[in-house]
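Peer 1: My file is my_file-v1.pdb. It has PDB, C-alpha atoms:
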```pdb
MODEL        1
ATOM      1  CA  MET G 196     -34.174 -13.089   5.599  1.00  0.00           C
ATOM      2  CA  THR G 197     -30.822 -11.706   4.454  1.00  0.00           C
ATOM      3  CA  GLU G 198     -30.251  -7.991   4.865  1.00  0.00           C
ATOM      4  CA  LYS G 199     -28.752  -6.208   1.867  1.00  0.00           C
ATOM      5  CA  ALA G 200     -26.171  -3.490   2.343  1.00  0.00           C
ATOM      6  CA  SER G 201     -27.357  -0.244   0.810  1.00  0.00           C
ATOM      7  CA  THR G 202     -23.831   0.791  -0.206  1.00  0.00           C
ATOM      8  CA  PRO G 203     -20.581  -1.090  -0.699  1.00  0.00           C
ATOM      9  CA  VAL G 204     -18.431  -1.464   2.398  1.00  0.00           C
ATOM     10  CA  HIS G 205     -15.613   1.072   2.569  1.00  0.00           C
ATOM     11  CA  TRP G 206     -12.324  -0.744   3.252  1.00  0.00           C
ATOM     12  CA  LYS G 207      -8.543  -0.476   3.200  1.00  0.00           C
ATOM     13  CA  LEU G 208      -5.892  -3.152   3.408  1.00  0.00           C
ATOM     14  CA  VAL G 209      -3.611  -2.525   6.412  1.00  0.00           C
ATOM     15  CA  ILE G 210      -0.055  -3.814   6.176  1.00  0.00           C
ATOM     16  CA  ASP G 211       2.362  -3.955   9.117  1.00  0.00           C
ATOM     17  CA  ALA G 212       5.749  -2.407   8.368  1.00  0.00           C
ATOM     18  CA  ALA G 213       9.079  -1.573   9.957  1.00  0.00           C
ATOM     19  CA  ASP G 214       9.340   1.509   7.707  1.00  0.00           C
ATOM     20  CA  PRO G 215       5.842   2.510   6.552  1.00  0.00           C
ATOM     21  CA  HIS G 216       7.074   5.422   4.445  1.00  0.00           C
ATOM     22  CA  ALA G 217       9.519   3.299   2.424  1.00  0.00           C
ATOM     23  CA  GLN G 218       6.790   0.698   1.947  1.00  0.00           C
ATOM     24  CA  ALA G 219       4.348   3.395   0.793  1.00  0.00           C
ATOM     25  CA  ASP G 220       6.872   4.667  -1.740  1.00  0.00           C
ATOM     26  CA  PHE G 221       7.516   1.137  -3.036  1.00  0.00           C
ATOM     27  CA  TRP G 222       3.834   0.200  -3.375  1.00  0.00           C
ATOM     28  CA  ALA G 223       2.823   3.569  -4.833  1.00  0.00           C
ATOM     29  CA  ALA G 224       5.435   3.066  -7.565  1.00  0.00           C
ATOM     30  CA  ALA G 225       4.576  -0.623  -8.000  1.00  0.00           C
ATOM     31  CA  LEU G 226       0.833  -0.005  -8.415  1.00  0.00           C
ATOM     32  CA  GLY G 227       0.816   3.459  -9.985  1.00  0.00           C
ATOM     33  CA  TYR G 228      -0.897   4.751  -6.811  1.00  0.00           C
ATOM     34  CA  GLU G 229      -0.363   8.050  -5.000  1.00  0.00           C
ATOM     35  CA  VAL G 230       0.981   8.460  -1.487  1.00  0.00           C
ATOM     36  CA  GLU G 231      -1.711  10.262   0.476  1.00  0.00           C
ATOM     37  CA  ASP G 232      -0.941  13.824   1.541  1.00  0.00           C
ATOM     38  CA  ASN G 233      -2.333  14.220   5.058  1.00  0.00           C
ATOM     39  CA  SER G 234      -0.312  17.384   5.757  1.00  0.00           C
ATOM     40  CA  ALA G 235      -3.333  19.712   6.073  1.00  0.00           C
ATOM     41  CA  LEU G 236      -4.901  17.418   8.688  1.00  0.00           C
ATOM     42  CA  ILE G 237      -1.603  17.016  10.529  1.00  0.00           C
ATOM     43  CA  GLU G 238      -0.968  20.769  10.605  1.00  0.00           C
ATOM     44  CA  ARG G 239      -4.500  21.342  11.946  1.00  0.00           C
ATOM     45  CA  LEU G 240      -4.020  18.687  14.650  1.00  0.00           C
ATOM     46  CA  LEU G 241      -0.638  20.163  15.617  1.00  0.00           C
ATOM     47  CA  GLN G 242      -2.152  23.665  15.900  1.00  0.00           C
ATOM     48  CA  LEU G 243      -4.948  22.330  18.116  1.00  0.00           C
ATOM     49  CA  GLY G 244      -2.443  20.514  20.315  1.00  0.00           C
ATOM     50  CA  ALA G 245      -4.194  17.241  19.514  1.00  0.00           C
ATOM     51  CA  LEU G 246      -1.067  15.677  18.000  1.00  0.00           C
ATOM     52  CA  PRO G 247       2.454  15.880  19.436  1.00  0.00           C
ATOM     53  CA  VAL G 248       5.245  16.902  17.070  1.00  0.00           C
ATOM     54  CA  ALA G 249       7.003  13.626  17.977  1.00  0.00           C
ATOM     55  CA  ALA G 250       4.171  11.750  16.211  1.00  0.00           C
ATOM     56  CA  THR G 251       5.121  13.348  12.881  1.00  0.00           C
ATOM     57  CA  VAL G 252       7.983  13.169  10.384  1.00  0.00           C
ATOM     58  CA  ASP G 253       8.967  15.124   7.306  1.00  0.00           C
ATOM     59  CA  PHE G 254       8.071  12.972   4.299  1.00  0.00           C
ATOM     60  CA  HIS G 255       8.622  14.321   0.793  1.00  0.00           C
ATOM     61  CA  GLY G 256       8.915  17.836   2.188  1.00  0.00           C
ATOM     62  CA  ARG G 257       5.646  17.852   4.112  1.00  0.00           C
ATOM     63  CA  PRO G 258       4.487  16.719   7.550  1.00  0.00           C
ATOM     64  CA  ALA G 259       3.285  13.140   7.775  1.00  0.00           C
ATOM     65  CA  PHE G 260       2.215  10.793  10.540  1.00  0.00           C
ATOM     66  CA  ARG G 261       5.291   9.011  11.905  1.00  0.00           C
ATOM     67  CA  ASP G 262       3.674   5.590  12.171  1.00  0.00           C
ATOM     68  CA  LEU G 263       1.006   5.564   9.428  1.00  0.00           C
ATOM     69  CA  VAL G 264       0.929   6.358   5.731  1.00  0.00           C
ATOM     70  CA  ALA G 265      -1.413   5.241   2.973  1.00  0.00           C
ATOM     71  CA  VAL G 266      -1.397   4.996  -0.790  1.00  0.00           C
ATOM     72  CA  ARG G 267      -4.515   5.327  -2.910  1.00  0.00           C
ATOM     73  CA  HIS G 268      -5.618   4.799  -6.481  1.00  0.00           C
ATOM     74  CA  PRO G 269      -5.204   8.120  -8.310  1.00  0.00           C
ATOM     75  CA  ASP G 270      -8.724   7.997  -9.799  1.00  0.00           C
ATOM     76  CA  ASP G 271     -10.505   7.411  -6.495  1.00  0.00           C
ATOM     77  CA  PRO G 272     -12.083  10.214  -4.471  1.00  0.00           C
ATOM     78  CA  TYR G 273     -10.496  11.556  -1.302  1.00  0.00           C
ATOM     79  CA  GLU G 274     -11.329  14.019   1.446  1.00  0.00           C
ATOM     80  CA  GLU G 275      -9.632  17.285   0.542  1.00  0.00           C
ATOM     81  CA  GLU G 276      -9.494  18.519   4.152  1.00  0.00           C
ATOM     82  CA  SER G 277      -7.649  15.397   5.381  1.00  0.00           C
ATOM     83  CA  GLY G 278      -6.099  13.888   2.243  1.00  0.00           C
ATOM     84  CA  THR G 279      -7.621  10.528   3.167  1.00  0.00           C
ATOM     85  CA  GLY G 280      -8.639   8.320   0.270  1.00  0.00           C
ATOM     86  CA  LEU G 281     -12.201   7.048  -0.029  1.00  0.00           C
ATOM     87  CA  GLY G 282     -11.540   4.144  -2.371  1.00  0.00           C
ATOM     88  CA  ARG G 283      -8.827   1.583  -3.089  1.00  0.00           C
ATOM     89  CA  ARG G 284      -6.150   2.073  -0.417  1.00  0.00           C
ATOM     90  CA  LEU G 285      -3.228   0.365   1.273  1.00  0.00           C
ATOM     91  CA  LEU G 286      -2.337   1.663   4.742  1.00  0.00           C
ATOM     92  CA  PHE G 287       1.117   0.937   6.142  1.00  0.00           C
ATOM     93  CA  GLN G 288       1.426   0.986   9.929  1.00  0.00           C
ATOM     94  CA  ARG G 289       4.627   0.830  11.922  1.00  0.00           C
ATOM     95  CA  VAL G 290       4.961  -2.221  14.166  1.00  0.00           C
ATOM     96  CA  PRO G 291       7.904  -3.103  16.431  1.00  0.00           C
ATOM     97  CA  GLU G 292       8.196  -6.757  15.430  1.00  0.00           C
ATOM     98  CA  SER G 293       9.612  -8.012  12.135  1.00  0.00           C
ATOM     99  CA  LYS G 294       7.818 -10.292   9.713  1.00  0.00           C
ATOM    100  CA  THR G 295       8.141 -13.883  10.929  1.00  0.00           C
ATOM    101  CA  GLY G 296       6.059 -16.080   8.645  1.00  0.00           C
ATOM    102  CA  LYS G 297       4.253 -16.429   5.355  1.00  0.00           C
ATOM    103  CA  ASN G 298       1.571 -13.893   4.505  1.00  0.00           C
ATOM    104  CA  ARG G 299      -1.985 -15.153   4.910  1.00  0.00           C
ATOM    105  CA  LEU G 300      -3.062 -12.541   2.364  1.00  0.00           C
ATOM    106  CA  HIS G 301      -1.176 -11.166  -0.620  1.00  0.00           C
ATOM    107  CA  LEU G 302      -1.635  -9.025  -3.716  1.00  0.00           C
ATOM    108  CA  ASP G 303      -1.621 -10.430  -7.251  1.00  0.00           C
ATOM    109  CA  LEU G 304      -0.496  -7.892  -9.837  1.00  0.00           C
ATOM    110  CA  HIS G 305      -1.785  -8.246 -13.405  1.00  0.00           C
ATOM    111  CA  PRO G 306       0.342  -6.123 -15.755  1.00  0.00           C
ATOM    112  CA  GLY G 307      -1.343  -7.436 -18.921  1.00  0.00           C
ATOM    113  CA  GLU G 308      -0.732 -10.017 -21.612  1.00  0.00           C
ATOM    114  CA  GLY G 309       2.939 -10.412 -22.510  1.00  0.00           C
ATOM    115  CA  ARG G 310       4.136  -7.831 -19.941  1.00  0.00           C
ATOM    116  CA  ARG G 311       5.032 -10.065 -16.977  1.00  0.00           C
ATOM    117  CA  ALA G 312       8.803 -10.193 -17.573  1.00  0.00           C
ATOM    118  CA  ASP G 313       9.095  -6.430 -18.028  1.00  0.00           C
ATOM    119  CA  GLU G 314       6.973  -5.815 -14.927  1.00  0.00           C
ATOM    120  CA  VAL G 315       9.090  -8.202 -12.847  1.00  0.00           C
ATOM    121  CA  GLU G 316      12.231  -6.325 -13.917  1.00  0.00           C
ATOM    122  CA  ARG G 317      10.616  -2.964 -13.131  1.00  0.00           C
ATOM    123  CA  LEU G 318       9.618  -4.200  -9.662  1.00  0.00           C
ATOM    124  CA  ARG G 319      13.132  -5.536  -9.051  1.00  0.00           C
ATOM    125  CA  GLY G 320      14.386  -2.061  -9.877  1.00  0.00           C
ATOM    126  CA  LEU G 321      12.076  -0.686  -7.166  1.00  0.00           C
ATOM    127  CA  GLY G 322      13.500  -3.078  -4.570  1.00  0.00           C
ATOM    128  CA  ALA G 323      11.412  -6.252  -4.938  1.00  0.00           C
ATOM    129  CA  THR G 324      12.991  -9.703  -5.005  1.00  0.00           C
ATOM    130  CA  SER G 325      11.964 -12.627  -7.215  1.00  0.00           C
ATOM    131  CA  VAL G 326      11.377 -15.741  -5.125  1.00  0.00           C
ATOM    132  CA  ARG G 327      10.138 -18.286  -7.659  1.00  0.00           C
ATOM    133  CA  GLU G 328       8.641 -18.763 -11.090  1.00  0.00           C
ATOM    134  CA  VAL G 329       5.571 -20.965 -11.297  1.00  0.00           C
ATOM    135  CA  LYS G 330       4.364 -22.730 -14.434  1.00  0.00           C
ATOM    136  CA  GLU G 331       1.487 -25.109 -13.918  1.00  0.00           C
ATOM    137  CA  ALA G 332      -1.764 -26.115 -15.577  1.00  0.00           C
ATOM    138  CA  GLY G 333      -3.647 -23.319 -13.789  1.00  0.00           C
ATOM    139  CA  GLY G 334      -1.341 -20.566 -15.022  1.00  0.00           C
ATOM    140  CA  GLU G 335       2.032 -18.902 -14.760  1.00  0.00           C
ATOM    141  CA  TRP G 336       3.260 -16.272 -12.335  1.00  0.00           C
ATOM    142  CA  VAL G 337       6.321 -14.997 -10.542  1.00  0.00           C
ATOM    143  CA  GLY G 338       6.356 -15.004  -6.753  1.00  0.00           C
ATOM    144  CA  MET G 339       8.085 -11.911  -5.379  1.00  0.00           C
ATOM    145  CA  THR G 340       8.659 -10.110  -2.095  1.00  0.00           C
ATOM    146  CA  ASP G 341       8.567  -6.382  -1.409  1.00  0.00           C
ATOM    147  CA  PRO G 342      11.490  -4.654   0.366  1.00  0.00           C
ATOM    148  CA  GLU G 343      10.246  -5.900   3.785  1.00  0.00           C
ATOM    149  CA  GLY G 344       9.664  -9.493   2.649  1.00  0.00           C
ATOM    150  CA  ASN G 345       5.899  -9.437   2.076  1.00  0.00           C
ATOM    151  CA  GLU G 346       4.936 -11.891  -0.653  1.00  0.00           C
ATOM    152  CA  PHE G 347       3.068 -10.920  -3.814  1.00  0.00           C
ATOM    153  CA  CYS G 348       2.634 -12.409  -7.271  1.00  0.00           C
ATOM    154  CA  VAL G 349       2.943 -11.054 -10.782  1.00  0.00           C
ATOM    155  CA  GLN G 350       0.599 -12.879 -13.158  1.00  0.00           C
TER     156      GLN G 350
ENDMDL
END
```
Any chance you could give the structure as structure tokens?
Peer 2:
Amino acid sequence: MTEKASTPVHWKLVIDAADPHAQADFWAAALGYEVEDNSALIERLLQLGALPVAATVDFHGRPAFRDLVAVRHPDDPYEEESGTGLGRRLLFQRVPESKTGKNRLHLDLHPGEGRRADEVERLRGLGATSVREVKEAGGEWVGMTDPEGNEFCVQ
């Protein structure tokens, strides 16, 4: 007998980064997402002594976690007291090592019929790099990398 989940699984995609805040800014702009504002939670944790000041940075004029920052879909719900999204999210976490190989997982962006070229140019303007253009029987897309070299495709 297979058990059925009563609700969908809550998830986020976690991406290692050398500079999580720059990555959050890039992907928020690329996807039309919002960078999460965790400042109320951070201020509460600082006041309680549960978080050292060294674990925070100023990001867009408000306190943020030094090593973690997320972006979320603007239409999805979030916890007002923490700023944490409850839907479609990307979380960028600082890691000491640099990217060394090909992603095993990547995002495919779908800007809409006839909009690929304009979207590729917009993403280049945000700091992405075009790696290759693919035209094959199964479709066409542009392979790109974000500012830290993570691969993604634009359909």
Peer 1: So which residues touch Ser277 of chain G within 7 Å, counting only C-alpha atoms, skipping near sequence neighbours fewer than 5 positions away, as a ChimeraX atom specification?
Peer 2: /G:233,235-236
Peer 1: Mind checking which residues fall within 12 Å of Phe221 of chain G, counting only C-alpha atoms, ignoring those fewer than 4 positions away in the same chain, and posting them as a PyMOL selection string?
Peer 2: chain G and resi 214-217+225-230+265-266+285+287+317-323+340-343+345
Peer 1: For the selection just defined, write its residues with C-alpha atoms to a file, as a PDB file, keeping the file's coordinate frame.
Peer 2:
```pdb
ATOM      1  CA  ASP G 214       9.340   1.509   7.707  1.00  0.00           C
ATOM      2  CA  PRO G 215       5.842   2.510   6.552  1.00  0.00           C
ATOM      3  CA  HIS G 216       7.074   5.422   4.445  1.00  0.00           C
ATOM      4  CA  ALA G 217       9.519   3.299   2.424  1.00  0.00           C
ATOM      5  CA  ALA G 225       4.576  -0.623  -8.000  1.00  0.00           C
ATOM      6  CA  LEU G 226       0.833  -0.005  -8.415  1.00  0.00           C
ATOM      7  CA  GLY G 227       0.816   3.459  -9.985  1.00  0.00           C
ATOM      8  CA  TYR G 228      -0.897   4.751  -6.811  1.00  0.00           C
ATOM      9  CA  GLU G 229      -0.363   8.050  -5.000  1.00  0.00           C
ATOM     10  CA  VAL G 230       0.981   8.460  -1.487  1.00  0.00           C
ATOM     11  CA  ALA G 265      -1.413   5.241   2.973  1.00  0.00           C
ATOM     12  CA  VAL G 266      -1.397   4.996  -0.790  1.00  0.00           C
ATOM     13  CA  LEU G 285      -3.228   0.365   1.273  1.00  0.00           C
ATOM     14  CA  PHE G 287       1.117   0.937   6.142  1.00  0.00           C
ATOM     15  CA  ARG G 317      10.616  -2.964 -13.131  1.00  0.00           C
ATOM     16  CA  LEU G 318       9.618  -4.200  -9.662  1.00  0.00           C
ATOM     17  CA  ARG G 319      13.132  -5.536  -9.051  1.00  0.00           C
ATOM     18  CA  GLY G 320      14.386  -2.061  -9.877  1.00  0.00           C
ATOM     19  CA  LEU G 321      12.076  -0.686  -7.166  1.00  0.00           C
ATOM     20  CA  GLY G 322      13.500  -3.078  -4.570  1.00  0.00           C
ATOM     21  CA  ALA G 323      11.412  -6.252  -4.938  1.00  0.00           C
ATOM     22  CA  THR G 340       8.659 -10.110  -2.095  1.00  0.00           C
ATOM     23  CA  ASP G 341       8.567  -6.382  -1.409  1.00  0.00           C
ATOM     24  CA  PRO G 342      11.490  -4.654   0.366  1.00  0.00           C
ATOM     25  CA  GLU G 343      10.246  -5.900   3.785  1.00  0.00           C
ATOM     26  CA  ASN G 345       5.899  -9.437   2.076  1.00  0.00           C
TER      27      ASN G 345
END
```
Peer 1: Would you mind listing what lies within 8 Å of Leu281 of chain G as number ranges by chain, with all atoms listed in the file counted and same-chain residues fewer than 3 positions away left out?
Peer 2: G: 205, 271-274, 284
Peer 1: On this structure, which residues satisfy the PyMOL selection byres ((chain G and resi 248) around 12), written as a PyMOL selection string?
Peer 2: chain G and resi 237-247+249-253+258-261
Peer 1: Between G:Arg299, G:Asp232, G:Leu263, G:Arg289, which residue has the minimum interatomic distance to Glu275 of chain G, considering only C-alpha atoms?
Peer 2: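 The shortest atom-to-atom distance to Glu275 of chain G comes from G:Asp232.
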